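Trainee: First the structure, then my questions, so here it is.
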Number of protein chains: 2
Amino acid sequence: MAATIKDVARETNLAISTISKYMNGGTVRKRNRILIEDAIKRLGYVPSSAARGLRTSRSYMIGVMGGCINNPHTASILGEVETKLRKEGYSLNYVSPGWSDAKADELVRYLVDRGVDGLLITPENYDLEFLRYVGEKQIPVVMLESGSGRENVDCVMVDCCGGAYLATEYLIKAGHRRIAMLEGPEKRKATARERFRGFMRAMEDYDYPVYSEYLIEGEFSYKDGYEGICRLWELEQKPTAVFIANYDLCLGAMAAIHNLGIRIPEELSVVSFDDFELSVMVRPKLTTVAQPLEKLADTACSLINKRIQGDYSGYPEKIRLKPRLICRDSVKKIR
Amino acid sequence: MAATIKDVARETNLAISTISKYMNGGTVRKRNRILIEDAIKRLGYVPSSAARGLRTSRSYMIGVMGGCINNPHTASILGEVETKLRKEGYSLNYVSPGWSDAKADELVRYLVDRGVDGLLITPENYDLEFLRYVGEKQIPVVMLESGSGRENVDCVMVDCCGGAYLATEYLIKAGHRRIAMLEGPEKRKATARERFRGFMRAMEDYDYPVYSEYLIEGEFSYKDGYEGICRLWELEQKPTAVFIANYDLCLGAMAAIHNLGIRIPEELSVVSFDDFELSVMVRPKLTTVAQPLEKLADTACSLINKRIQGDYSGYPEKIRLKPRLICRDSVKKIR
DNA sequence: ATGAAAGCGCTAACAT
DNA sequence: ATGTTAGCGCTTTCAT
């Protein structure tokens with residue numbers, strides 16, 4: 001059997017409450033501190049989180065439900081979040097939505113019933129019904145990436161609209177006029193919607209026409225990236241530049257570009273959202289919009305922790321982090 | 001405050017112990033069952049896992065420490081494992097090793113101290129010192145993907161050697177003789193070692209010579225895949241086929257192949273380990289060795305659960321799952 | 001089948 | 001600064 005606080009008390013001839021106090025950062029006489037530390041080491045004492053949790057009604061667990069983890073973006077965030085949270089004393093209870101979004105409610109309920117202290121959720125196209133249950137149980141929630149249009153929920157996201165604007169403006173300033181966009185599923189994803197909006201605003205602000213055949217809608221998927229480029233290249237009047245709305249799309253687009261023998265940037269300039277390993281490995285290196293993923297994770301962790309502490313100042317917070325444009329070699333200057 | 005078992009007892013005029021019995025699958029009179037179920041629903045009662053854990057000294061949490069999650073392979077496994085485990089009543093406590101392997105000990109210790117009932121570990125190049133601590137605390141461990149050369153530990157892995165043999169033999173039977181291999185870090189990773197061994201065995205069994213300039217060692221990374229192909233293509237005498245040891249390598253290799261304008265399979269036949277989205281999207285579709293990831297996760301979950309139940313029959317189990325070759329269009333038949 | 005009661009390991013309020 | 005004690009919500013004998 002593992003050592004308990006009682007054992008430490010016995011070994012040191014102190015009361016268990018003294019040990020408890022010490023374990024929780026209280027001050028004890030130096031002589032006793034040494035005694036206690038010694039006993040802890042000798043016995044291999046580790047406080048029982050179950051007992052502590054029962055007493056304090058806190059689990060020190062954060063539930064995380066994210067998008068599909070099979071994706072460097074989601075995965076990066078998960079990794080960052082775990083590291084950060086652990087430093088703050090929480091462990092991460094991860095649930096995988098798998099391939100069906102329908103289960104979101106069930107999963108959140110599961111997490112809540114397991115007793116998590118807080119929830120970090122990246123909304124896919126859920127209906128967010130679960131927010132009701134969470135509210136009922138008074139569990140703090142922070143939404144990542146998008147608030148899904150709900151007003152009354154904390155969320156930290158990336159200013160995708162701004163990022164898309166940056167990318168498009170860069171293309172425009174390089175002299176491009178026939179600019180295409182590989183879009184995401186704007187019907188369902190706020191991030192896709194925002195990126196599209198950013199593109200449109202830039203075009204509008206510079207008084208450029210947008211041709212509907214240059215707007216290729218699809219999923220955030222390899223497949224649609226691949227096919228998108230193919231469709232663009234079947235056009236009579238081909239675009240001179242393309243803004244790609246996400247990494248998966250970009251992977252597929254690059255494959256198509258290579259297969260069709262399209263030269264970047266001579267024949268086609270490319271700017272893509274998301275900056276991962278591919279972006280620098282490919283020749284020429286890609287100009288991209290990099291999301292501040294680490295900052296995103298950090299901010300979300302701080303916020304959820306603050307809410308768990310009971311600090312609801314500023315609620316609901318809507319934090320929009322600015323992405324940045326990384327200029328590399330995939331855009332040709334015209335004129 | 002959330003409802004407790006006491007509330008349910010009061011509402012139903014039954015004893016706490018009766019409710020408890022019912023909650024744990026015991027039999028009660030039909031009339032009472034209805035009463036209890038009704039009260040549970042009305043009160044929204046959910047048993048406290050902390051209290052339960054304290055009593056039973058079980059947390060119903062499984063600690064998971066994996067390779068870098070930024071990788072579809074690891075990510076798939078994590079997803080599968082979570083889903084499976086949840087069905088068996090466990091939740092998943094994930095820790096991210098981040099970029100430094102050095103912390104493995106610390107992380108496992110963390111997980112154990114949090115009270116996990118069992119551990120699922122994918123070894124990177126850790127020294128496995130943590131197994132001592134885990135043994136001390138009597139926490140069951142199942143190693144995924146490789147036992148890291150330890151005899152006394154359960155592990156479920158994929159027969160990578162066999163997979164590599166399959167791939168190489170396929171190339172040989174298609175008439176190839178000048179076969180190159182993009183290897184992984186065999187010094188450090190058992191999986192890389194096994195894949196290399198499988199390759200060598202096949203070549204040996206068919207009495208084919210292996211040229212050292214066709215053996216390109218590297219990390220399991222995009223970069224080394226890219227550069228590997230470049231190096232191969234600088235050779236006087238180019239290979240007619242290449243066996244690529246992993247998905248990341250393959251991604252990089254494909255980029256290089258496209259950039260250099262190498263035609264598959266006319267100029268170069270390709271078989272790669274790992275089967276993911278890329279494999280079917282690229283033209284021509286890739287012939288690959290698919291790992292039984294779902295089976296891997298399933299098997300590992302069953303095994304860890306069995307150990308937690310105290311069933312140590314067959315210990316230590318070494319389960320080697322067979323991968324399969326998926327023949328598509330990236331290999332040219334010579335002769 | 002049901003009930004009474006002990007106690008898992010800890011924290012926190014209170015007393016010293 | 002240290003000690004005493006109650007009790008968090010549950011499971012588990014042991015009676016009935």
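Every chain in the structure tokens has a letter given in the order shown (A, B, ...), and although residue numbers restart at 1 in each chain, ligands are simply numbered from 1 in the order shown.
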Per residue of chain A within 8 Å of chain B, which atom pair is closest and at what distance in Å (one decimal), using only C-alpha atoms, listed by chain and increasing number, as JSON lines?
Mentor:
{"residue": "A:Ala2", "atom": "CA", "partner": "B:Lys137", "partner_atom": "CA", "distance": 7.7}
{"residue": "A:Val46", "atom": "CA", "partner": "B:Asp113", "partner_atom": "CA", "distance": 6.4}
{"residue": "A:Pro47", "atom": "CA", "partner": "B:Asp113", "partner_atom": "CA", "distance": 8.0}
{"residue": "A:Ser48", "atom": "CA", "partner": "B:Gly115", "partner_atom": "CA", "distance": 7.3}
{"residue": "A:Ser49", "atom": "CA", "partner": "B:Arg114", "partner_atom": "CA", "distance": 6.2}
{"residue": "A:Ala50", "atom": "CA", "partner": "B:Ala50", "partner_atom": "CA", "distance": 4.8}
{"residue": "A:Ala51", "atom": "CA", "partner": "B:Leu54", "partner_atom": "CA", "distance": 5.6}
{"residue": "A:Gly53", "atom": "CA", "partner": "B:Ala50", "partner_atom": "CA", "distance": 5.7}
{"residue": "A:Leu54", "atom": "CA", "partner": "B:Ala50", "partner_atom": "CA", "distance": 5.1}
{"residue": "A:Ser59", "atom": "CA", "partner": "B:Ala50", "partner_atom": "CA", "distance": 7.5}
{"residue": "A:Ile69", "atom": "CA", "partner": "B:Ala75", "partner_atom": "CA", "distance": 6.0}
{"residue": "A:Asn70", "atom": "CA", "partner": "B:Pro72", "partner_atom": "CA", "distance": 5.2}
{"residue": "A:Asn71", "atom": "CA", "partner": "B:Pro72", "partner_atom": "CA", "distance": 6.8}
{"residue": "A:Pro72", "atom": "CA", "partner": "B:Asn70", "partner_atom": "CA", "distance": 5.2}
{"residue": "A:Ala75", "atom": "CA", "partner": "B:Asn70", "partner_atom": "CA", "distance": 5.4}
{"residue": "A:Ser76", "atom": "CA", "partner": "B:Asn70", "partner_atom": "CA", "distance": 6.2}
{"residue": "A:Gly79", "atom": "CA", "partner": "B:Ser96", "partner_atom": "CA", "distance": 5.5}
{"residue": "A:Glu80", "atom": "CA", "partner": "B:Gly98", "partner_atom": "CA", "distance": 8.0}
{"residue": "A:Glu82", "atom": "CA", "partner": "B:Ser96", "partner_atom": "CA", "distance": 6.3}
{"residue": "A:Thr83", "atom": "CA", "partner": "B:Ser96", "partner_atom": "CA", "distance": 6.5}
{"residue": "A:Ser91", "atom": "CA", "partner": "B:Asn93", "partner_atom": "CA", "distance": 6.9}
{"residue": "A:Leu92", "atom": "CA", "partner": "B:Asn93", "partner_atom": "CA", "distance": 5.7}
{"residue": "A:Asn93", "atom": "CA", "partner": "B:Asn93", "partner_atom": "CA", "distance": 5.0}
{"residue": "A:Tyr94", "atom": "CA", "partner": "B:Leu92", "partner_atom": "CA", "distance": 5.9}
{"residue": "A:Val95", "atom": "CA", "partner": "B:Glu82", "partner_atom": "CA", "distance": 6.3}
{"residue": "A:Ser96", "atom": "CA", "partner": "B:Gly79", "partner_atom": "CA", "distance": 5.5}
{"residue": "A:Gly98", "atom": "CA", "partner": "B:Gly79", "partner_atom": "CA", "distance": 6.7}
{"residue": "A:Asp113", "atom": "CA", "partner": "B:Val46", "partner_atom": "CA", "distance": 6.4}
{"residue": "A:Arg114", "atom": "CA", "partner": "B:Ser49", "partner_atom": "CA", "distance": 6.3}
{"residue": "A:Gly115", "atom": "CA", "partner": "B:Ser49", "partner_atom": "CA", "distance": 7.0}
{"residue": "A:Lys137", "atom": "CA", "partner": "B:Ala2", "partner_atom": "CA", "distance": 7.6}
{"residue": "A:Tyr222", "atom": "CA", "partner": "B:Met281", "partner_atom": "CA", "distance": 7.6}
{"residue": "A:Lys223", "atom": "CA", "partner": "B:Met281", "partner_atom": "CA", "distance": 6.7}
{"residue": "A:Gly252", "atom": "CA", "partner": "B:Met281", "partner_atom": "CA", "distance": 7.8}
{"residue": "A:Ala255", "atom": "CA", "partner": "B:Val282", "partner_atom": "CA", "distance": 6.7}
{"residue": "A:His258", "atom": "CA", "partner": "B:His258", "partner_atom": "CA", "distance": 5.7}
{"residue": "A:Asn259", "atom": "CA", "partner": "B:His258", "partner_atom": "CA", "distance": 7.0}
{"residue": "A:Glu277", "atom": "CA", "partner": "B:Tyr222", "partner_atom": "CA", "distance": 7.7}
{"residue": "A:Leu278", "atom": "CA", "partner": "B:Tyr222", "partner_atom": "CA", "distance": 7.8}
{"residue": "A:Met281", "atom": "CA", "partner": "B:Lys223", "partner_atom": "CA", "distance": 6.7}
{"residue": "A:Val282", "atom": "CA", "partner": "B:Ala255", "partner_atom": "CA", "distance": 6.6}
{"residue": "A:Arg283", "atom": "CA", "partner": "B:Asn259", "partner_atom": "CA", "distance": 7.4}
Trainee: Those same residues, written as a tab-separated table (two decimals), in the first residue's frame with N, CA and C atoms?
Mentor:
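Listed below is the output, part38.tsv:
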chain	number	residue	atom	x	y	z
A	2	ALA	N	0.41	2.22	-0.73
A	2	ALA	CA	1.17	3.47	-0.81
A	2	ALA	C	1.09	4.25	0.49
A	46	VAL	N	3.16	10.45	-1.93
A	46	VAL	CA	2.55	11.33	-2.92
A	46	VAL	C	1.10	11.51	-2.53
A	47	PRO	N	0.63	12.72	-2.40
A	47	PRO	CA	-0.76	12.94	-2.00
A	47	PRO	C	-1.72	12.24	-2.95
A	48	SER	N	-2.78	11.73	-2.42
A	48	SER	CA	-3.77	11.07	-3.26
A	48	SER	C	-4.68	12.10	-3.91
A	49	SER	N	-4.68	12.12	-5.22
A	49	SER	CA	-5.52	13.13	-5.88
A	49	SER	C	-6.99	12.83	-5.68
A	50	ALA	N	-7.31	11.56	-5.51
A	50	ALA	CA	-8.71	11.23	-5.26
A	50	ALA	C	-9.19	11.86	-3.96
A	51	ALA	N	-8.41	11.67	-2.92
A	51	ALA	CA	-8.80	12.20	-1.62
A	51	ALA	C	-8.85	13.72	-1.65
A	53	GLY	N	-9.24	15.54	-4.22
A	53	GLY	CA	-10.35	15.94	-5.07
A	53	GLY	C	-11.68	15.85	-4.34
A	54	LEU	N	-11.84	14.82	-3.58
A	54	LEU	CA	-13.08	14.64	-2.84
A	54	LEU	C	-13.28	15.79	-1.85
A	59	SER	N	-10.84	18.47	-9.47
A	59	SER	CA	-10.17	17.28	-9.99
A	59	SER	C	-8.79	17.61	-10.56
A	69	ILE	N	-7.79	15.07	-34.56
A	69	ILE	CA	-6.42	15.20	-34.13
A	69	ILE	C	-5.44	14.80	-35.20
A	70	ASN	N	-5.98	14.18	-36.21
A	70	ASN	CA	-5.17	13.70	-37.33
A	70	ASN	C	-4.79	14.85	-38.24
A	71	ASN	N	-4.15	15.81	-37.66
A	71	ASN	CA	-4.04	17.08	-38.35
A	71	ASN	C	-3.03	17.91	-37.56
A	72	PRO	N	-1.99	18.36	-38.19
A	72	PRO	CA	-0.90	18.99	-37.45
A	72	PRO	C	-1.35	20.21	-36.66
A	75	ALA	N	-3.20	18.95	-33.55
A	75	ALA	CA	-2.22	18.24	-32.75
A	75	ALA	C	-1.25	19.19	-32.06
A	76	SER	N	-0.81	20.20	-32.78
A	76	SER	CA	0.10	21.17	-32.19
A	76	SER	C	-0.55	21.83	-30.98
A	79	GLY	N	-0.75	19.53	-28.00
A	79	GLY	CA	0.55	19.39	-27.35
A	79	GLY	C	0.89	20.62	-26.51
A	80	GLU	N	0.73	21.76	-27.08
A	80	GLU	CA	1.03	23.01	-26.38
A	80	GLU	C	0.17	23.14	-25.12
A	82	GLU	N	-1.32	20.86	-23.39
A	82	GLU	CA	-0.98	19.91	-22.34
A	82	GLU	C	0.21	20.40	-21.53
A	83	THR	N	1.23	20.82	-22.23
A	83	THR	CA	2.45	21.27	-21.55
A	83	THR	C	2.14	22.45	-20.62
A	91	SER	N	-4.07	18.22	-15.25
A	91	SER	CA	-3.78	17.21	-16.26
A	91	SER	C	-4.90	17.23	-17.27
A	92	LEU	N	-4.59	16.64	-18.39
A	92	LEU	CA	-5.45	16.81	-19.54
A	92	LEU	C	-6.23	15.54	-19.84
A	93	ASN	N	-7.52	15.71	-19.86
A	93	ASN	CA	-8.39	14.58	-20.15
A	93	ASN	C	-8.91	14.75	-21.57
A	94	TYR	N	-8.32	13.98	-22.45
A	94	TYR	CA	-8.61	14.16	-23.87
A	94	TYR	C	-9.69	13.20	-24.36
A	95	VAL	N	-10.64	13.70	-25.08
A	95	VAL	CA	-11.58	12.81	-25.77
A	95	VAL	C	-11.53	13.06	-27.26
A	96	SER	N	-11.65	11.98	-27.98
A	96	SER	CA	-11.55	12.05	-29.43
A	96	SER	C	-12.94	12.00	-30.06
A	98	GLY	N	-13.53	11.45	-32.90
A	98	GLY	CA	-13.54	10.46	-33.96
A	98	GLY	C	-14.05	11.10	-35.22
A	113	ASP	N	-19.12	14.79	-16.38
A	113	ASP	CA	-19.47	13.78	-15.39
A	113	ASP	C	-18.23	13.15	-14.76
A	114	ARG	N	-17.14	13.19	-15.49
A	114	ARG	CA	-15.89	12.70	-14.92
A	114	ARG	C	-15.34	13.71	-13.93
A	115	GLY	N	-15.90	14.87	-13.91
A	115	GLY	CA	-15.51	15.86	-12.92
A	115	GLY	C	-14.44	16.84	-13.32
A	137	LYS	N	-23.96	22.91	-14.78
A	137	LYS	CA	-23.00	22.34	-13.83
A	137	LYS	C	-21.92	23.35	-13.43
A	222	TYR	N	-7.13	17.45	-48.39
A	222	TYR	CA	-6.13	17.21	-49.42
A	222	TYR	C	-6.82	17.09	-50.78
A	223	LYS	N	-7.85	16.28	-50.77
A	223	LYS	CA	-8.59	16.00	-51.99
A	223	LYS	C	-9.08	17.27	-52.68
A	252	GLY	N	-2.68	19.18	-50.83
A	252	GLY	CA	-3.28	18.65	-52.04
A	252	GLY	C	-2.96	19.53	-53.24
A	255	ALA	N	0.50	18.98	-54.53
A	255	ALA	CA	0.62	17.74	-55.29
A	255	ALA	C	0.11	17.96	-56.71
A	258	HIS	N	2.48	20.13	-58.77
A	258	HIS	CA	3.62	19.36	-59.25
A	258	HIS	C	3.23	18.43	-60.39
A	259	ASN	N	2.13	17.75	-60.19
A	259	ASN	CA	1.71	16.80	-61.21
A	259	ASN	C	1.39	17.45	-62.55
A	277	GLU	N	5.70	22.19	-41.58
A	277	GLU	CA	6.96	21.70	-42.13
A	277	GLU	C	6.99	21.81	-43.65
A	278	LEU	N	5.90	21.42	-44.27
A	278	LEU	CA	5.85	21.45	-45.73
A	278	LEU	C	6.28	22.79	-46.30
A	281	MET	N	9.92	23.15	-46.77
A	281	MET	CA	10.64	22.07	-47.42
A	281	MET	C	10.47	22.07	-48.92
A	282	VAL	N	9.31	22.50	-49.31
A	282	VAL	CA	8.99	22.52	-50.72
A	282	VAL	C	9.82	23.60	-51.44
A	283	ARG	N	10.16	23.36	-52.70
A	283	ARG	CA	10.87	24.37	-53.47
A	283	ARG	C	9.93	24.99	-54.47
Trainee: Show me which bits of chain D are within 9 Å of chain A, counting only C-alpha atoms (C1' of nucleotides), as an MDAnalysis selection string.
Mentor: chainID D and resid 1:4 7:9
Trainee: DSSP says alpha helix (DSSP H) for which residues of segment 142-203 of chain A? Put them as a PyMOL selection string?
Mentor: chain A and resi 160-173+190-203
Trainee: Quote the spacing between atom CA of Met143 of chain B and atom CA of Ile121 of chain B in Å to one decimal place.
Mentor: 4.9 Å
Trainee: Please determine the contact residues of chain C with respect to chain B at a cut-off of 12 Å, counting only C-alpha atoms (C1' of nucleotides), and supply them as a PDB file with C-alpha atoms (C1' of nucleotides), in the first residue's frame.
Mentor:
ATOM      1  C1'  DA C   1     -33.304  -7.274  -0.837  1.00  0.00           C
ATOM      2  C1'  DT C   2     -32.293  -3.686   2.284  1.00  0.00           C
ATOM      3  C1'  DG C   3     -30.041  -0.929   6.051  1.00  0.00           C
ATOM      4  C1'  DA C   4     -26.454   0.824   9.497  1.00  0.00           C
ATOM      5  C1'  DA C   5     -22.019   2.133   9.990  1.00  0.00           C
ATOM      6  C1'  DA C   6     -17.041   2.290   9.220  1.00  0.00           C
ATOM      7  C1'  DG C   7     -13.520   4.403   6.820  1.00  0.00           C
ATOM      8  C1'  DC C   8     -10.756   5.465   2.240  1.00  0.00           C
ATOM      9  C1'  DG C   9      -6.922  10.172   2.511  1.00  0.00           C
ATOM     10  C1'  DC C  10      -7.353  14.498   2.606  1.00  0.00           C
TER      11       DC C  10
END
Trainee: Could you write out, as a VMD selection string, all the residues of segment 202-260 of chain A that DSSP marks as strand (DSSP E)?
Mentor: chain A and resid 215 to 216 241 to 244
Trainee: Counting only C-alpha atoms (C1' of nucleotides), what is within 12 Å of Val331 of chain A, bar same-chain residues fewer than 6 positions away, as a list of chain:residue names?
Mentor: A:Ala167, A:Thr168, A:Tyr170, A:Leu171, A:Ile172, A:Lys173, A:Ala174, A:Gly175, A:His176, A:Ile179, A:Thr240, A:Ala241, A:Val242, A:Phe243, A:Arg263, A:Ile264, A:Pro265, A:Glu266, A:Glu267, A:Leu268, A:Ser269, A:Val270, A:Val271, A:Ser272, A:Pro284, A:Lys285, A:Leu286, A:Thr287, A:Thr288
Trainee: Go ahead and dump the residues you just picked, N, CA and C atoms, as a tab-separated table (two decimals), in the first residue's frame.
Mentor:
chain	number	residue	atom	x	y	z
A	167	ALA	N	-2.71	38.21	-46.62
A	167	ALA	CA	-2.24	37.37	-47.73
A	167	ALA	C	-2.69	37.95	-49.07
A	168	THR	N	-3.96	38.29	-49.12
A	168	THR	CA	-4.52	38.78	-50.37
A	168	THR	C	-3.92	40.12	-50.77
A	170	TYR	N	-1.06	41.19	-49.99
A	170	TYR	CA	0.31	40.95	-50.43
A	170	TYR	C	0.35	40.57	-51.91
A	171	LEU	N	-0.58	39.72	-52.26
A	171	LEU	CA	-0.70	39.30	-53.67
A	171	LEU	C	-1.04	40.50	-54.56
A	172	ILE	N	-1.97	41.29	-54.09
A	172	ILE	CA	-2.40	42.47	-54.86
A	172	ILE	C	-1.24	43.43	-55.06
A	173	LYS	N	-0.52	43.67	-53.97
A	173	LYS	CA	0.59	44.61	-54.05
A	173	LYS	C	1.72	44.09	-54.92
A	174	ALA	N	1.78	42.78	-55.07
A	174	ALA	CA	2.80	42.21	-55.96
A	174	ALA	C	2.36	42.36	-57.42
A	175	GLY	N	1.17	42.90	-57.59
A	175	GLY	CA	0.73	43.19	-58.95
A	175	GLY	C	-0.26	42.20	-59.54
A	176	HIS	N	-0.71	41.27	-58.76
A	176	HIS	CA	-1.65	40.29	-59.29
A	176	HIS	C	-3.07	40.85	-59.33
A	179	ILE	N	-6.70	36.71	-59.16
A	179	ILE	CA	-6.36	35.95	-57.96
A	179	ILE	C	-7.48	34.96	-57.63
A	240	THR	N	-3.28	34.07	-62.00
A	240	THR	CA	-1.82	34.19	-61.86
A	240	THR	C	-1.39	33.94	-60.42
A	241	ALA	N	-2.39	33.93	-59.54
A	241	ALA	CA	-2.07	33.70	-58.13
A	241	ALA	C	-3.23	32.99	-57.45
A	242	VAL	N	-2.89	32.26	-56.38
A	242	VAL	CA	-3.95	31.61	-55.63
A	242	VAL	C	-3.69	31.73	-54.13
A	243	PHE	N	-4.75	32.03	-53.41
A	243	PHE	CA	-4.67	32.06	-51.95
A	243	PHE	C	-5.35	30.79	-51.45
A	263	ARG	N	4.77	25.78	-62.74
A	263	ARG	CA	5.93	26.34	-62.06
A	263	ARG	C	5.55	27.48	-61.12
A	264	ILE	N	6.04	27.36	-59.87
A	264	ILE	CA	5.84	28.41	-58.88
A	264	ILE	C	7.14	29.17	-58.77
A	265	PRO	N	7.14	30.48	-58.77
A	265	PRO	CA	5.97	31.35	-58.92
A	265	PRO	C	5.77	31.84	-60.36
A	266	GLU	N	6.58	31.35	-61.30
A	266	GLU	CA	6.51	31.89	-62.65
A	266	GLU	C	5.10	31.84	-63.23
A	267	GLU	N	4.49	30.67	-63.14
A	267	GLU	CA	3.15	30.54	-63.71
A	267	GLU	C	2.05	30.82	-62.71
A	268	LEU	N	2.35	30.50	-61.47
A	268	LEU	CA	1.33	30.67	-60.43
A	268	LEU	C	1.98	31.06	-59.11
A	269	SER	N	1.50	32.15	-58.55
A	269	SER	CA	1.98	32.55	-57.23
A	269	SER	C	1.07	31.93	-56.18
A	270	VAL	N	1.67	31.57	-55.05
A	270	VAL	CA	0.90	30.87	-54.02
A	270	VAL	C	1.12	31.49	-52.64
A	271	VAL	N	0.03	31.75	-51.95
A	271	VAL	CA	0.12	32.07	-50.52
A	271	VAL	C	-0.87	31.16	-49.82
A	272	SER	N	-0.42	30.53	-48.76
A	272	SER	CA	-1.29	29.60	-48.07
A	272	SER	C	-1.46	29.96	-46.60
A	284	PRO	N	9.77	26.26	-54.64
A	284	PRO	CA	10.34	27.25	-53.75
A	284	PRO	C	9.61	27.26	-52.40
A	285	LYS	N	10.24	27.84	-51.42
A	285	LYS	CA	9.60	27.90	-50.11
A	285	LYS	C	8.32	28.73	-50.19
A	286	LEU	N	7.35	28.32	-49.44
A	286	LEU	CA	6.04	28.95	-49.53
A	286	LEU	C	5.87	30.20	-48.65
A	287	THR	N	5.22	31.16	-49.20
A	287	THR	CA	4.79	32.32	-48.42
A	287	THR	C	3.49	31.93	-47.73
A	288	THR	N	3.44	32.14	-46.44
A	288	THR	CA	2.29	31.64	-45.68
A	288	THR	C	1.80	32.62	-44.63
Trainee: As a PyMOL selection string, please: the residues near segment 216-219 of chain A (cut-off 6 Å, only C-alpha atoms (C1' of nucleotides), same-chain neighbours under 4 positions excluded).
Mentor: chain A and resi 182-185+224
Trainee: Considering only C-alpha atoms (C1' of nucleotides), return as a PDB file with C-alpha atoms, in the first residue's frame whatever protein or nucleic-acid residues lie within 7 Å of Ala39 of chain B, sequence-local ones (same chain, fewer than 3 positions apart) excluded.
Mentor:
ATOM      1  CA  VAL B   8     -31.060   9.940  -4.110  1.00  0.00           C
ATOM      2  CA  GLU B  11     -35.783  11.054  -2.349  1.00  0.00           C
ATOM      3  CA  THR B  12     -36.451   7.349  -2.595  1.00  0.00           C
ATOM      4  CA  LEU B  35     -37.976   4.891  -7.970  1.00  0.00           C
ATOM      5  CA  ILE B  36     -34.222   5.169  -8.098  1.00  0.00           C
ATOM      6  CA  ARG B  42     -34.786  14.262 -11.588  1.00  0.00           C
ATOM      7  CA  LEU B  43     -31.745  15.209  -9.552  1.00  0.00           C
TER       8      LEU B  43
END
Trainee: Quick one, how far is atom CA of Ala180 of chain A from atom CA of Tyr214 of chain A?
Mentor: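 A separation of 4.4 Å between them.
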Trainee: Between atom CA of Lys187 of chain B and atom CA of Asp248 of chain B, measure the distance and give it in Å to one decimal.
Mentor: 17.9 Å
Trainee: Using only C-alpha atoms, which of A:Leu325, A:Val153, A:Ile244, A:Val142 sits nearest Glu169 of chain A?
Mentor: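 Smallest separation from Glu169 of chain A among the options: A:Leu325.
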